[in-house]
Amino acid sequence: MTGAVIEALDEDAANDLAAKRQWVQACVEGDGRTLYEGSPQAKLSIIAAILEAGFLRPSSTVELQALGVALGDAISQETGWPFVLVEDEYGRDPGLHVDGSMTVFPVTMISKRVERGESVDRATLDAMFEQVCQADRIAQD
């Protein structure tokens, strides 16, 4: 990612992430916000339940990216990495970044897989989450 510009979220990006979080929370029966604000594992459970409900299609890009925001929130909660805006040769997108080490783009981690026809279940979510968190632990050593 040579030449990438990394900066704090601007108002539009922050509002977009917030709207996607609200969509995920609204999919949960009862008080979705309280459950969402729980542990990273609670967020992963919510994502898995929405995917398992089967109403999202590969063309449901915005909703699948909302699940990616939730995945990013779980990773951020575990690693402490903040959401930032990353501008590179591919455009300007939100990602999670740790100083000078690495950047990941969880917003599209789920949508790209579903759009390719891959199955994303709880085991897949756990593997994605653990892979990023393991990379964080290695980077800290």
# chains A, B, ... in the order shown; residues from 1 in each chain; ligands from 1

$ residues_around --residues "stretch 90-94 of chain A" --least-positions-apart "3" --cutoff "8 Å" --atoms "only C-alpha atoms" --output "NGL selection string"
:A and (9 or 13 or 83-87 or 105 or 107)

$ write_last_selection --atoms "N, CA and C atoms" --output "mmCIF file, in the first residue's frame"
data_model
loop_
_atom_site.group_PDB
_atom_site.id
_atom_site.type_symbol
_atom_site.label_atom_id
_atom_site.label_comp_id
_atom_site.auth_asym_id
_atom_site.auth_seq_id
_atom_site.Cartn_x
_atom_site.Cartn_y
_atom_site.Cartn_z
ATOM 1 N N LEU A 9 -11.384 9.513 10.345
ATOM 2 C CA LEU A 9 -12.672 9.501 9.646
ATOM 3 C C LEU A 9 -13.212 10.912 9.549
ATOM 4 N N ALA A 13 -17.914 9.746 6.483
ATOM 5 C CA ALA A 13 -17.525 8.352 6.719
ATOM 6 C C ALA A 13 -18.021 7.877 8.079
ATOM 7 N N PHE A 83 -10.937 2.793 13.393
ATOM 8 C CA PHE A 83 -11.344 2.983 12.005
ATOM 9 C C PHE A 83 -10.735 4.289 11.524
ATOM 10 N N VAL A 84 -10.174 4.270 10.330
ATOM 11 C CA VAL A 84 -9.589 5.443 9.687
ATOM 12 C C VAL A 84 -10.034 5.450 8.230
ATOM 13 N N LEU A 85 -9.725 6.526 7.530
ATOM 14 C CA LEU A 85 -9.931 6.575 6.081
ATOM 15 C C LEU A 85 -8.591 6.334 5.408
ATOM 16 N N VAL A 86 -8.597 5.461 4.424
ATOM 17 C CA VAL A 86 -7.386 5.140 3.688
ATOM 18 C C VAL A 86 -7.623 5.494 2.226
ATOM 19 N N GLU A 87 -6.767 6.353 1.706
ATOM 20 C CA GLU A 87 -6.856 6.714 0.293
ATOM 21 C C GLU A 87 -5.623 6.152 -0.393
ATOM 22 N N PHE A 105 -9.289 -4.073 5.839
ATOM 23 C CA PHE A 105 -10.526 -3.472 5.354
ATOM 24 C C PHE A 105 -11.696 -4.412 5.640
ATOM 25 N N VAL A 107 -14.798 -3.853 6.188
ATOM 26 C CA VAL A 107 -16.098 -3.489 5.633
ATOM 27 C C VAL A 107 -16.440 -4.376 4.427
#

$ select_by_dssp --residues "stretch 24-138 of chain A" --states "strand (DSSP E or B)" --output "number ranges by chain"
A: 83-88, 91-98, 102-104

$ select_by_dssp --residues "chain A" --states "alpha helix (DSSP H)" --output "ChimeraX atom specification"
/A:11-26,32-36,40-53,61-79,109-115,122-140

$ residues_around --residues "A:Val62" --least-positions-apart "2" --cutoff "10 Å" --atoms "only C-alpha atoms" --output "CSV table (one decimal) with N, CA and C atoms, in the first residue's frame"
chain,number,residue,atom,x,y,z
A,20,LYS,N,-24.7,2.0,9.2
A,20,LYS,CA,-24.5,0.6,9.0
A,20,LYS,C,-24.6,-0.2,10.3
A,23,TRP,N,-28.2,-0.4,11.3
A,23,TRP,CA,-28.9,-1.4,10.5
A,23,TRP,C,-28.7,-2.8,11.1
A,59,SER,N,-26.2,-9.7,-4.1
A,59,SER,CA,-26.5,-8.3,-4.5
A,59,SER,C,-26.8,-7.3,-3.4
A,60,SER,N,-26.8,-7.8,-2.1
A,60,SER,CA,-27.2,-7.0,-0.9
A,60,SER,C,-25.9,-6.4,-0.4
A,64,LEU,N,-24.4,-6.3,3.4
A,64,LEU,CA,-23.3,-7.2,3.7
A,64,LEU,C,-22.1,-6.3,4.2
A,65,GLN,N,-22.0,-5.1,3.7
A,65,GLN,CA,-20.9,-4.2,4.2
A,65,GLN,C,-21.3,-3.7,5.6
A,66,ALA,N,-22.5,-3.6,5.9
A,66,ALA,CA,-22.9,-3.3,7.3
A,66,ALA,C,-22.4,-4.4,8.2
A,67,LEU,N,-22.5,-5.6,7.8
A,67,LEU,CA,-22.0,-6.7,8.6
A,67,LEU,C,-20.5,-6.6,8.7
A,68,GLY,N,-19.8,-6.1,7.6
A,68,GLY,CA,-18.4,-5.9,7.7
A,68,GLY,C,-18.0,-4.8,8.7
A,107,VAL,N,-14.8,-3.9,6.2
A,107,VAL,CA,-16.1,-3.5,5.6
A,107,VAL,C,-16.4,-4.4,4.4
A,108,THR,N,-15.4,-4.8,3.7
A,108,THR,CA,-15.7,-5.6,2.5
A,108,THR,C,-15.3,-7.1,2.7
A,111,SER,N,-18.7,-9.1,2.3
A,111,SER,CA,-19.4,-8.8,1.0
A,111,SER,C,-18.6,-9.4,-0.1

$ closest_residue --among "A:Ser39, A:Gln25, A:Ser45, A:Ser101" --to "A:Ser76" --atoms "only C-alpha atoms"
A:Ser39

$ closest_residue --among "A:Ile47, A:Cys27, A:Ala135, A:Ala42" --to "A:Val69" --atoms "only C-alpha atoms"
A:Ile47

$ closest_residue --among "A:Leu96, A:Val104, A:Val114, A:Leu35" --to "A:Leu56" --atoms "only C-alpha atoms"
A:Val114

$ residues_around --residues "stretch 116-130 of chain A" --least-positions-apart "5" --cutoff "10 Å" --atoms "only C-alpha atoms" --output "number ranges by chain"
A: 40-41, 44-52, 57-58, 71-72, 74-75, 78, 106, 109-111, 135-136

$ closest_residue --among "A:Glu7, A:Asp31, A:Glu115, A:Glu37" --to "A:Gly95" --atoms "only C-alpha atoms"
A:Glu7

$ atom_distance --atom1 "atom CA of A:Leu17" --atom2 "atom CA of A:Arg137"
25.8 Å

$ closest_residue --among "A:Gln134, A:Lys112, A:Asp99, A:Gly38" --to "A:Gln77" --atoms "only C-alpha atoms"
A:Gly38

$ atom_distance --atom1 "atom CA of A:Thr79" --atom2 "atom CA of A:Cys133"
6.5 Å

$ atom_distance --atom1 "atom CA of A:Gly54" --atom2 "atom CA of A:Val24"
14.5 Å

$ closest_residue --among "A:Arg33, A:Glu63, A:Val98, A:Asp12" --to "A:Gly80" --atoms "only C-alpha atoms"
A:Val98
